[in-house]
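The structure file structure-v5.cif is reproduced below (mmCIF, C-alpha atoms).
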```
data_coords
#
loop_
_atom_site.label_atom_id
_atom_site.label_comp_id
_atom_site.auth_asym_id
_atom_site.auth_seq_id
_atom_site.Cartn_x
_atom_site.Cartn_y
_atom_site.Cartn_z
CA MET A 22 -51.76 -4.32 -1.41
CA ALA A 23 -51.58 -7.00 -4.10
CA TYR A 24 -49.17 -8.07 -6.79
CA ASP A 25 -49.11 -5.68 -9.73
CA PHE A 26 -48.30 -7.71 -12.85
CA SER A 27 -48.90 -4.86 -15.30
CA ASP A 28 -45.20 -4.47 -16.12
CA VAL A 29 -44.44 -8.19 -16.33
CA SER A 30 -43.76 -9.80 -19.70
CA VAL A 31 -44.41 -13.52 -20.24
CA LEU A 32 -43.50 -15.84 -23.10
CA ILE A 33 -45.70 -18.92 -23.58
CA VAL A 34 -44.21 -21.68 -25.74
CA GLU A 35 -46.87 -24.27 -26.58
CA ASP A 36 -47.94 -26.00 -29.80
CA ASN A 37 -51.53 -26.58 -28.70
CA LEU A 38 -53.37 -23.36 -29.57
CA PRO A 39 -56.44 -23.89 -27.35
CA MET A 40 -54.03 -24.43 -24.47
CA VAL A 41 -52.22 -21.19 -25.32
CA GLU A 42 -55.55 -19.36 -25.20
CA LEU A 43 -56.39 -20.91 -21.83
CA ILE A 44 -53.06 -19.93 -20.30
CA LYS A 45 -53.34 -16.43 -21.75
CA SER A 46 -56.77 -16.00 -20.20
CA LEU A 47 -55.46 -17.14 -16.80
CA LEU A 48 -52.46 -14.80 -16.95
CA THR A 49 -54.64 -11.91 -18.10
CA THR A 50 -56.93 -12.50 -15.12
CA PHE A 51 -53.85 -12.40 -12.88
CA GLY A 52 -53.20 -8.93 -14.33
CA ILE A 53 -50.41 -9.76 -16.77
CA LYS A 54 -50.73 -7.62 -19.88
CA LYS A 55 -47.64 -8.41 -21.94
CA ILE A 56 -48.02 -11.97 -23.19
CA SER A 57 -46.37 -13.40 -26.30
CA SER A 58 -46.51 -16.93 -27.62
CA ALA A 59 -44.52 -19.27 -29.83
CA ARG A 60 -45.38 -22.70 -31.20
CA ASP A 61 -42.17 -24.57 -30.42
CA GLY A 62 -38.77 -24.16 -28.83
CA GLU A 63 -37.09 -22.86 -31.96
CA GLU A 64 -39.65 -20.13 -32.53
CA GLY A 65 -39.63 -19.44 -28.79
CA PHE A 66 -35.89 -18.85 -28.69
CA VAL A 67 -36.04 -16.49 -31.68
CA LEU A 68 -38.73 -14.46 -29.90
CA TYR A 69 -36.84 -14.61 -26.61
CA ARG A 70 -33.82 -13.00 -28.26
CA LYS A 71 -35.90 -10.19 -29.75
CA GLU A 72 -37.87 -9.12 -26.69
CA THR A 73 -37.34 -8.94 -22.95
CA PHE A 74 -39.27 -11.51 -20.92
CA ASP A 75 -39.54 -11.88 -17.16
CA LEU A 76 -40.94 -15.40 -17.27
CA VAL A 77 -41.08 -18.28 -19.76
CA ILE A 78 -43.86 -20.87 -19.56
CA THR A 79 -43.17 -23.75 -21.90
CA ASP A 80 -44.67 -27.09 -22.79
CA TRP A 81 -42.35 -30.11 -22.84
CA MET A 82 -43.43 -32.06 -25.94
CA MET A 83 -43.23 -29.95 -29.09
CA LYS A 84 -41.80 -30.45 -32.54
CA PRO A 85 -39.27 -29.74 -33.90
CA VAL A 86 -37.75 -28.28 -30.72
CA ASP A 87 -39.17 -29.27 -27.33
CA GLY A 88 -39.28 -27.42 -24.02
CA ILE A 89 -36.27 -29.25 -22.60
CA SER A 90 -34.07 -28.17 -25.51
CA LEU A 91 -35.44 -24.64 -25.27
CA THR A 92 -34.57 -24.46 -21.55
CA ARG A 93 -31.07 -25.75 -22.30
CA ARG A 94 -30.63 -22.95 -24.84
CA LEU A 95 -32.07 -20.28 -22.55
CA ARG A 96 -29.54 -21.29 -19.91
CA ASN A 97 -26.46 -22.06 -21.99
CA ASP A 98 -26.62 -20.45 -25.42
CA PRO A 99 -24.29 -17.42 -25.61
CA LEU A 100 -27.06 -15.71 -27.63
CA SER A 101 -29.51 -15.98 -24.72
CA PRO A 102 -30.09 -12.41 -23.48
CA ASN A 103 -30.95 -13.50 -19.92
CA GLN A 104 -29.74 -16.90 -18.79
CA TYR A 105 -31.42 -16.49 -15.40
CA VAL A 106 -34.99 -16.17 -16.67
CA PRO A 107 -37.42 -18.29 -14.62
CA VAL A 108 -38.80 -21.22 -16.65
CA ILE A 109 -42.00 -23.08 -15.82
CA LEU A 110 -42.19 -26.40 -17.67
CA MET A 111 -45.68 -27.81 -18.29
CA THR A 112 -46.16 -31.48 -19.00
CA GLY A 113 -48.45 -34.43 -18.53
CA PHE A 114 -45.55 -36.44 -17.13
CA SER A 115 -45.33 -36.61 -13.37
CA GLU A 116 -42.93 -39.52 -12.88
CA LYS A 117 -39.93 -38.69 -10.75
CA ARG A 118 -37.38 -39.43 -13.46
CA ARG A 119 -39.09 -36.93 -15.78
CA VAL A 120 -39.02 -34.27 -13.07
CA MET A 121 -35.31 -34.97 -12.52
CA GLN A 122 -34.67 -34.71 -16.27
CA ALA A 123 -36.34 -31.28 -16.35
CA ARG A 124 -34.50 -30.15 -13.24
CA ASP A 125 -31.17 -31.19 -14.74
CA VAL A 126 -31.51 -28.88 -17.74
CA GLY A 127 -32.32 -25.87 -15.58
CA VAL A 128 -36.11 -25.72 -15.32
CA THR A 129 -37.21 -23.52 -12.40
CA GLU A 130 -40.66 -24.95 -11.73
CA PHE A 131 -42.51 -28.03 -12.98
CA LEU A 132 -46.26 -27.79 -13.64
CA VAL A 133 -48.12 -31.03 -14.22
CA LYS A 134 -51.07 -30.93 -16.63
CA PRO A 135 -53.95 -30.87 -16.14
CA PHE A 136 -53.62 -27.99 -13.70
CA ASN A 137 -55.95 -25.42 -12.22
CA ALA A 138 -55.63 -21.65 -11.81
CA ARG A 139 -54.16 -21.92 -8.32
CA ASP A 140 -51.54 -24.45 -9.45
CA LEU A 141 -50.25 -21.99 -12.04
CA TYR A 142 -50.40 -19.09 -9.59
CA ARG A 143 -48.50 -21.07 -6.93
CA ARG A 144 -45.62 -21.72 -9.34
CA ILE A 145 -45.42 -18.02 -10.21
CA ALA A 146 -45.65 -16.97 -6.55
CA GLN A 147 -42.93 -19.48 -5.66
CA ILE A 148 -40.61 -17.91 -8.24
CA ILE A 149 -41.38 -14.42 -6.90
CA GLU A 150 -41.15 -15.15 -3.20
CA LYS A 151 -38.61 -17.95 -3.04
CA PRO A 152 -36.19 -17.47 -5.93
CA ARG A 153 -33.48 -20.07 -6.10
CA GLN A 154 -29.82 -19.21 -6.39
CA PHE A 155 -28.08 -20.35 -9.55
CA VAL A 156 -25.27 -22.84 -9.72
CA ARG A 157 -22.55 -22.91 -12.31
CA SER A 158 -20.42 -26.02 -12.36
CA GLU A 159 -18.54 -27.94 -15.01
CA ASP A 160 -21.60 -29.80 -16.20
CA PHE A 161 -24.57 -27.72 -15.03
CA PHE A 162 -25.88 -24.19 -15.11
CA GLY A 163 -29.28 -23.43 -13.68
CA PRO A 164 -31.32 -22.98 -10.52
CA ASP A 165 -29.94 -24.80 -7.50
CA ARG A 166 -31.34 -28.31 -7.71
CA ARG A 167 -31.43 -28.75 -3.95
CA ARG A 168 -34.80 -27.81 -2.50
CA LYS A 169 -34.95 -26.42 0.99
CA ASN A 170 -37.76 -27.99 2.90
CA ASP A 171 -39.14 -25.15 4.99
CA ARG A 172 -41.96 -27.21 6.40
CA GLY A 173 -39.74 -29.59 8.27
CA TYR A 174 -41.37 -31.99 10.67
CA SER A 175 -45.12 -31.58 10.70
CA GLY A 176 -46.09 -34.12 13.33
CA ARG A 177 -46.72 -33.56 17.02
CA GLU A 178 -43.83 -31.92 18.82
CA ARG A 179 -43.40 -34.47 21.56
CA ARG A 180 -40.77 -32.44 23.36
CA ALA A 181 -42.12 -28.93 22.75
CA GLU A 182 -43.75 -28.55 26.14
CA PRO A 183 -41.49 -27.88 29.14
CA VAL A 184 -40.74 -31.12 30.86
CA MET A 185 -41.76 -31.03 34.53
CA ILE A 186 -39.60 -33.23 36.62
CA ASN A 187 -40.07 -33.52 40.27
CA VAL A 188 -36.40 -33.12 41.05
CA ARG A 189 -36.85 -33.50 44.74
CA SER A 190 -38.65 -36.81 44.56
CA LYS A 191 -36.16 -38.05 41.98
CA MET A 192 -33.33 -37.01 44.27
CA GLY A 193 -35.14 -38.55 47.19
CA GLU A 194 -35.38 -41.80 45.32
CA ALA A 195 -31.69 -41.72 44.55
CA MET B 206 -1.83 -35.48 1.25
CA THR B 207 -4.80 -37.60 2.27
CA HIS B 208 -7.89 -38.18 0.20
CA TYR B 209 -9.93 -35.56 2.04
CA ASN B 210 -7.59 -32.55 1.90
CA GLN B 211 -6.94 -32.65 -1.83
CA PRO B 212 -8.05 -29.49 -3.70
CA ARG B 213 -11.57 -29.70 -5.13
CA ARG B 214 -11.47 -30.61 -8.78
CA ARG B 215 -15.02 -29.53 -9.58
CA LYS B 216 -15.83 -26.19 -8.05
CA ALA B 217 -19.36 -24.84 -8.19
CA GLU B 218 -20.07 -21.15 -8.34
CA PHE B 219 -23.24 -19.88 -6.63
CA ILE B 220 -24.97 -16.86 -8.10
CA LYS B 221 -27.89 -14.89 -6.72
CA PRO B 222 -29.58 -13.22 -9.70
CA THR B 223 -31.56 -10.01 -9.25
CA ASN B 224 -35.19 -10.85 -8.53
CA THR B 225 -36.65 -8.61 -11.24
CA LEU B 226 -40.08 -10.23 -10.96
CA LYS B 227 -40.31 -9.32 -7.28
CA GLN B 228 -39.13 -5.80 -7.99
CA LYS B 229 -41.86 -5.41 -10.60
CA VAL B 230 -44.83 -7.00 -8.84
CA GLY B 231 -44.32 -5.85 -5.27
CA HIS B 232 -46.00 -7.58 -2.34
CA GLY B 233 -49.28 -9.09 -1.28
CA GLY B 234 -50.02 -11.93 -3.70
CA LEU B 235 -53.34 -12.29 -5.50
CA SER B 236 -56.72 -12.32 -3.83
CA ASP B 237 -58.97 -15.38 -3.71
CA GLU B 238 -61.44 -13.38 -5.75
CA ILE B 239 -58.98 -13.12 -8.67
CA LEU B 240 -57.98 -16.77 -8.40
CA ASP B 241 -61.63 -17.87 -8.29
CA LYS B 242 -62.33 -15.76 -11.37
CA ALA B 243 -59.39 -17.39 -13.19
CA GLN B 244 -60.58 -20.84 -12.16
CA LYS B 245 -64.08 -20.07 -13.41
CA LEU B 246 -62.65 -19.07 -16.80
CA LEU B 247 -60.83 -22.38 -16.93
CA GLU B 248 -63.93 -24.36 -16.01
CA GLU B 249 -66.16 -22.53 -18.45
CA ASN B 250 -63.90 -22.78 -21.50
CA THR B 251 -65.91 -24.11 -24.41
CA HIS B 252 -63.15 -25.46 -26.59
CA ASP B 253 -64.06 -28.74 -28.28
CA PHE B 254 -61.47 -31.29 -27.13
CA GLU B 255 -62.57 -34.04 -29.50
CA PRO B 256 -60.61 -33.01 -32.66
CA LEU B 257 -57.45 -32.56 -30.60
CA ALA B 258 -57.97 -35.89 -28.83
CA MET B 259 -58.63 -37.67 -32.14
CA MET B 260 -55.33 -36.31 -33.46
CA TYR B 261 -53.46 -37.73 -30.44
CA LEU B 262 -55.35 -41.02 -30.75
CA ALA B 263 -54.35 -41.27 -34.42
CA THR B 264 -50.71 -40.72 -33.40
CA LEU B 265 -51.10 -43.39 -30.73
CA MET B 266 -52.49 -45.77 -33.37
CA GLN B 267 -49.49 -45.04 -35.60
CA GLY B 268 -47.30 -45.94 -32.62
CA VAL B 269 -49.15 -49.24 -32.26
CA GLU B 270 -48.74 -49.99 -35.98
CA MET B 271 -45.00 -49.28 -35.78
CA ALA B 272 -44.74 -51.51 -32.71
CA LYS B 273 -46.32 -54.40 -34.62
CA GLY B 274 -43.17 -54.56 -36.71
CA TYR B 275 -41.04 -54.69 -33.57
CA SER B 276 -38.04 -56.98 -33.64
CA PRO B 277 -35.15 -57.23 -31.19
CA SER B 278 -33.02 -55.16 -33.58
CA THR B 279 -35.34 -52.14 -33.46
CA ASP B 280 -35.01 -49.42 -30.84
CA LYS B 281 -37.37 -50.67 -28.14
CA GLU B 282 -37.43 -47.38 -26.24
CA GLN B 283 -38.34 -45.44 -29.36
CA ILE B 284 -41.16 -47.88 -30.11
CA ILE B 285 -42.55 -47.39 -26.60
CA ALA B 286 -42.03 -43.61 -26.78
CA ASN B 287 -44.14 -43.51 -29.97
CA MET B 288 -47.07 -44.73 -27.87
CA LEU B 289 -46.13 -42.95 -24.65
CA TYR B 290 -45.97 -39.38 -25.97
CA PRO B 291 -49.45 -39.16 -27.53
CA THR B 292 -50.80 -40.82 -24.37
CA MET B 293 -49.11 -38.14 -22.30
CA GLN B 294 -50.82 -35.48 -24.45
CA LEU B 295 -54.21 -37.11 -23.84
CA LYS B 296 -53.54 -37.19 -20.12
CA ALA B 297 -52.33 -33.57 -20.08
CA ASN B 298 -55.12 -32.06 -22.14
CA GLY B 299 -58.19 -34.14 -21.25
CA GLY B 300 -58.64 -32.58 -17.83
CA MET B 301 -57.91 -29.10 -19.13
CA PHE B 302 -60.93 -29.40 -21.45
CA HIS B 303 -63.42 -31.13 -19.12
CA TYR B 304 -62.55 -34.74 -20.03
CA ASN B 305 -61.16 -35.81 -16.65
CA LEU B 306 -61.90 -39.46 -17.36
CA VAL B 307 -59.65 -39.31 -20.44
CA THR B 308 -56.90 -37.93 -18.21
CA MET B 309 -57.42 -40.71 -15.63
CA ILE B 310 -57.40 -43.47 -18.25
CA ALA B 311 -54.43 -42.04 -20.15
CA ASP B 312 -52.56 -41.70 -16.86
CA LYS B 313 -53.12 -45.40 -16.22
CA LEU B 314 -51.76 -46.20 -19.68
CA ILE B 315 -48.70 -44.02 -19.05
CA GLN B 316 -48.00 -45.93 -15.83
CA PHE B 317 -48.27 -49.16 -17.81
CA LEU B 318 -46.05 -48.03 -20.69
CA GLU B 319 -43.45 -46.58 -18.32
CA VAL B 320 -42.72 -49.99 -16.83
CA ILE B 321 -43.21 -52.64 -19.52
CA ASP B 322 -40.08 -54.29 -20.78
CA GLN B 323 -41.08 -55.33 -24.30
CA PRO B 324 -43.77 -53.89 -26.62
CA ASP B 325 -45.06 -57.39 -27.33
CA ILE B 326 -48.45 -58.36 -28.81
CA GLU B 327 -50.11 -58.56 -25.37
CA VAL B 328 -48.96 -55.02 -24.61
CA LEU B 329 -50.36 -53.82 -27.92
CA GLU B 330 -53.71 -55.47 -27.20
CA ILE B 331 -53.88 -53.59 -23.91
CA VAL B 332 -52.94 -50.31 -25.60
CA LEU B 333 -55.70 -50.92 -28.15
CA ALA B 334 -58.20 -51.50 -25.35
CA PHE B 335 -57.27 -48.10 -23.87
CA HIS B 336 -57.49 -46.53 -27.34
CA THR B 337 -60.97 -47.96 -27.97
CA THR B 338 -62.19 -46.89 -24.54
CA ILE B 339 -61.02 -43.29 -25.00
CA ILE B 340 -62.71 -43.11 -28.40
CA ALA B 341 -65.94 -44.36 -26.80
CA ILE B 342 -65.68 -41.69 -24.09
CA LEU B 343 -65.19 -38.95 -26.66
CA GLN B 344 -68.00 -40.17 -28.90
CA GLY B 345 -70.28 -40.54 -25.91
CA LYS B 346 -69.22 -37.06 -24.77
CA ILE B 347 -68.62 -38.40 -21.28
CA SER B 348 -67.18 -35.33 -19.60
CA GLY B 349 -65.97 -35.14 -16.02
CA ASP B 350 -64.98 -38.37 -14.30
CA GLY B 351 -67.85 -40.33 -15.86
CA GLY B 352 -69.32 -41.32 -12.49
CA LYS B 353 -69.71 -45.02 -11.74
CA GLN B 354 -69.52 -45.94 -15.41
CA GLY B 355 -66.20 -44.12 -15.65
CA GLN B 356 -64.86 -45.86 -12.56
CA ASP B 357 -65.92 -49.24 -14.00
CA LEU B 358 -64.07 -48.53 -17.23
CA LEU B 359 -60.98 -47.47 -15.33
CA ASN B 360 -61.12 -50.57 -13.15
CA ALA B 361 -61.50 -52.86 -16.17
CA LEU B 362 -58.44 -51.35 -17.86
CA SER B 363 -56.49 -51.44 -14.64
CA ASP B 364 -57.37 -55.14 -14.26
CA ALA B 365 -56.11 -55.81 -17.80
CA CYS B 366 -52.77 -54.23 -16.85
CA MET B 367 -52.63 -56.27 -13.64
CA ARG B 368 -53.32 -59.49 -15.53
CA TYR B 369 -50.40 -58.64 -17.81
CA PHE B 370 -48.11 -58.12 -14.84
CA ASP B 371 -49.31 -61.36 -13.27
CA LYS B 372 -48.09 -63.10 -16.42
CA HIS B 373 -44.89 -61.04 -16.53
CA PRO B 374 -43.81 -60.71 -12.91
CA ASP B 375 -40.50 -59.12 -13.87
CA ASP B 376 -42.36 -55.98 -14.96
CA LYS B 377 -43.90 -54.04 -12.11
CA LEU B 378 -46.68 -51.49 -12.16
#
```
Would you mind giving the structure from this file in structure tokens?
Amino acid sequence: MAYDFSDVSVLIVEDNLPMVELIKSLLTTFGIKKISSARDGEEGFVLYRKETFDLVITDWMMKPVDGISLTRRLRNDPLSPNQYVPVILMTGFSEKRRVMQARDVGVTEFLVKPFNARDLYRRIAQIIEKPRQFVRSEDFFGPDRRRKNDRGYSGRERRAEPVMINVRSKMGEA
Amino acid sequence: MTHYNQPRRRKAEFIKPTNTLKQKVGHGGLSDEILDKAQKLLEENTHDFEPLAMMYLATLMQGVEMAKGYSPSTDKEQIIANMLYPTMQLKANGGMFHYNLVTMIADKLIQFLEVIDQPDIEVLEIVLAFHTTIIAILQGKISGDGGKQGQDLLNALSDACMRYFDKHPDDKL
């Protein structure tokens, strides 16, 4: 049994056409058949209102409307048909403050370019298998910005084995 | 009423949206075979990166020209952003189109531009050195990481940045 992406619809928003073609070819190989694209955030939002999309993959830097502004509109514009749509933001930036900026407008996953096929797949699988609850507060609407760290401590469990204490000798010493 | 038992002024509502993607795709993930096939497509793409890179380099050069007219009254962050954004595009796209060395060098320039305080003449000289190096890589069609020659180029540029920070200890790489 494997994922069946045949009924999934994806919107790619990217101004670099060779990049659009690359992402399309990756998604097609994954089995996604319904793929649309737009060249900037403005065009992307118009398309998003017309059709139903299960996932938006957008670049950050685009003119006139970038991926951050698009995400803000997807989440907060009353005209947005689905404010909960998962958004993967692609960018060459990897500095923490940039990631925080993206997170604060409601981006679901952050994908640093250059990336490989597995990087893209992992982001999609993360959205499918570990969807984040949404938070609505006075100044924010979007996926919960707190990440649960499932891995926890990965070092040696120093106290995992049962501790054998020779009670009698200890008592005898006492 | 003490500080801690006052009513919350900013309440947050938690919503669990329907996981339509999961409902549509089912279980099981994708096989390694599919992922390897996708990776192969990525590695075998034949798109010529040079025209795209030249466009970003021209934008970077425009950023340098604008920075030459920098005065304390101009928006310093905008001046730096004019150089930072095309550099980010070079970093992002180089590796996608087989020019990993361009990505590595542009990444180094991003790290530099992210921390400098003033876009002064010494900064611009360093940016120009990066610009010239990337042009040479493209014209020489040095794909991949460029081997030892690529590492030498990267080290030389990195040293230039370090020399700048030695002179300007308030800025940190």
Output as a tab-separated table one row per residue of chain A within 9 Å of chain B: the closest atom pair and its distance in Å to one decimal place, counting all atoms listed in the file, sorted by chain and residue number ascending.
```
residue	atom	partner	partner_atom	distance
A:Met22	CA	B:Gly233	CA	5.4
A:Ala23	CA	B:Gly233	CA	4.2
A:Tyr24	CA	B:Val230	CA	4.9
A:Asp25	CA	B:Val230	CA	4.6
A:Phe26	CA	B:Val230	CA	5.4
A:Ser27	CA	B:Val230	CA	7.9
A:Asp28	CA	B:Lys229	CA	6.5
A:Val29	CA	B:Lys229	CA	6.9
A:Asn37	CA	B:Leu257	CA	8.6
A:Pro39	CA	B:His252	CA	6.9
A:Met40	CA	B:Asn298	CA	8.1
A:Leu43	CA	B:Leu247	CA	6.8
A:Ile44	CA	B:Leu247	CA	8.8
A:Ser46	CA	B:Leu246	CA	7.5
A:Leu47	CA	B:Ala243	CA	5.3
A:Leu48	CA	B:Ala243	CA	8.3
A:Thr49	CA	B:Ala243	CA	8.8
A:Thr50	CA	B:Ala243	CA	5.8
A:Phe51	CA	B:Ile239	CA	6.7
A:Asp75	CA	B:Leu226	CA	6.4
A:Leu76	CA	B:Leu226	CA	8.2
A:Met82	CA	B:Tyr290	CA	7.7
A:Tyr105	CA	B:Pro222	CA	6.8
A:Met111	CA	B:Ala297	CA	9.0
A:Thr112	CA	B:Ala297	CA	6.6
A:Gly113	CA	B:Ala297	CA	4.3
A:Phe114	CA	B:Met293	CA	6.5
A:Glu116	CA	B:Gln316	CA	8.7
A:Val133	CA	B:Ala297	CA	7.6
A:Lys134	CA	B:Ala297	CA	4.5
A:Pro135	CA	B:Ala297	CA	5.0
A:Phe136	CA	B:Met301	CA	7.0
A:Asn137	CA	B:Gln244	CA	6.5
A:Ala138	CA	B:Gln244	CA	5.0
A:Arg139	CA	B:Leu240	CA	6.4
A:Tyr142	CA	B:Leu240	CA	8.0
A:Ala146	CA	B:Gly234	CA	7.3
A:Ile148	CA	B:Leu226	CA	8.2
A:Ile149	CA	B:Lys227	CA	5.2
A:Glu150	CA	B:Lys227	CA	7.2
A:Pro152	CA	B:Asn224	CA	7.2
A:Arg153	CA	B:Lys221	CA	7.6
A:Gln154	CA	B:Lys221	CA	4.7
A:Phe155	CA	B:Ile220	CA	4.9
A:Val156	CA	B:Phe219	CA	4.7
A:Arg157	CA	B:Glu218	CA	5.0
A:Ser158	CA	B:Ala217	CA	4.5
A:Glu159	CA	B:Arg215	CA	6.7
A:Asp165	CA	B:Phe219	CA	8.4
```
Inset, instruction - Determine the nearest neighbour of Ala365 (chain B) from the options B:Gly349, B:Val320, B:Asp325, B:Lys313, counting all atoms listed in the file. - result: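 Using all atoms listed in the file, Ala365 (chain B) sits closest to B:Lys313.
Residues matched by the PyMOL selection byres ((chain B and resi 272) around 8) in this structure: Gly268, Val269, Glu270, Met271, Lys273, Gly274, Tyr275, Ile284, Ile285, Pro324, Asp325 and Leu329 of chain B.
Put simply, CA of Phe66 (chain A) is 7.4 Å away from CA of Leu95 (chain A).
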Inset, instruction - Please indicate the distance in Å from CA of Asn360 (chain B) to CA of Met260 (chain B), rounded to one decimal place. - result: 25.5 Å
Legend entry - Point-to-point distance in Å for CA of Leu132 (chain A) and CA of Ile342 (chain B): 26.1 Å
Legend entry - Option closest in space to Met367 (chain B), from B:Ile326, B:Leu333, B:Ala258, B:Ile321 [counting only C-alpha atoms]: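 Once distances to Met367 (chain B) are computed over only C-alpha atoms, the minimum belongs to B:Ile321.
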Legend entry - Close residues, Asp61 (chain A) itself excluded, 12 Å, all atoms listed in the file, min 3 positions apart in chain, as number ranges by chain: A: 32-38, 41, 58, 64-69, 78-92
Inset, instruction - Return the single residue from A:Ile109, A:Val31, A:Val126, A:Val120 that is closest to Gln147 (chain A), with distances computed using all atoms listed in the file. - result: A:Ile109
Legend entry - Nearest residue to Leu362 (chain B) from the set B:Ala286, B:Ile310, B:Ile340, B:Val328 (distances using all atoms listed in the file):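 That would be B:Ile310, the residue with the smallest distance to Leu362 (chain B).
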Mind writing region 142-155 of chain A to a file for me, with N, CA, C and O atoms, as a CSV table (one decimal), in the first residue's frame?
```csv
chain,number,residue,atom,x,y,z
A,142,TYR,N,9.6,15.6,-0.6
A,142,TYR,CA,8.7,14.5,-0.2
A,142,TYR,C,8.5,14.6,1.3
A,142,TYR,O,7.4,14.4,1.8
A,143,ARG,N,9.6,14.8,2.1
A,143,ARG,CA,9.5,14.8,3.5
A,143,ARG,C,8.6,15.9,4.0
A,143,ARG,O,7.8,15.7,5.0
A,144,ARG,N,8.6,17.1,3.4
A,144,ARG,CA,7.7,18.2,3.8
A,144,ARG,C,6.3,17.8,3.5
A,144,ARG,O,5.4,18.0,4.3
A,145,ILE,N,6.0,17.1,2.4
A,145,ILE,CA,4.7,16.7,2.0
A,145,ILE,C,4.2,15.6,3.0
A,145,ILE,O,3.1,15.7,3.6
A,146,ALA,N,5.1,14.7,3.3
A,146,ALA,CA,4.7,13.6,4.2
A,146,ALA,C,4.5,14.1,5.6
A,146,ALA,O,3.6,13.6,6.3
A,147,GLN,N,5.2,15.1,6.0
A,147,GLN,CA,5.1,15.7,7.3
A,147,GLN,C,3.7,16.3,7.4
A,147,GLN,O,3.0,16.2,8.5
A,148,ILE,N,3.3,17.0,6.4
A,148,ILE,CA,1.9,17.6,6.4
A,148,ILE,C,0.8,16.6,6.5
A,148,ILE,O,-0.2,16.7,7.1
A,149,ILE,N,1.1,15.5,5.8
A,149,ILE,CA,0.0,14.4,5.7
A,149,ILE,C,0.0,13.7,7.1
A,149,ILE,O,-1.1,13.4,7.6
A,150,GLU,N,1.1,13.3,7.6
A,150,GLU,CA,1.2,12.4,8.8
A,150,GLU,C,1.2,13.2,10.1
A,150,GLU,O,0.7,12.6,11.1
A,151,LYS,N,1.7,14.4,10.1
A,151,LYS,CA,1.7,15.2,11.4
A,151,LYS,C,1.1,16.6,11.2
A,151,LYS,O,1.9,17.6,11.3
A,152,PRO,N,-0.1,16.6,10.8
A,152,PRO,CA,-0.7,18.0,10.6
A,152,PRO,C,-0.8,18.8,11.9
A,152,PRO,O,-0.9,18.2,13.0
A,153,ARG,N,-0.5,20.0,11.8
A,153,ARG,CA,-0.5,20.9,13.0
A,153,ARG,C,-1.9,21.5,13.2
A,153,ARG,O,-2.5,21.9,12.2
A,154,GLN,N,-2.3,21.6,14.5
A,154,GLN,CA,-3.5,22.3,14.8
A,154,GLN,C,-3.3,23.8,14.4
A,154,GLN,O,-2.2,24.3,14.4
A,155,PHE,N,-4.4,24.5,14.2
A,155,PHE,CA,-4.4,25.9,13.9
A,155,PHE,C,-4.6,26.7,15.2
A,155,PHE,O,-5.4,26.3,16.1
```
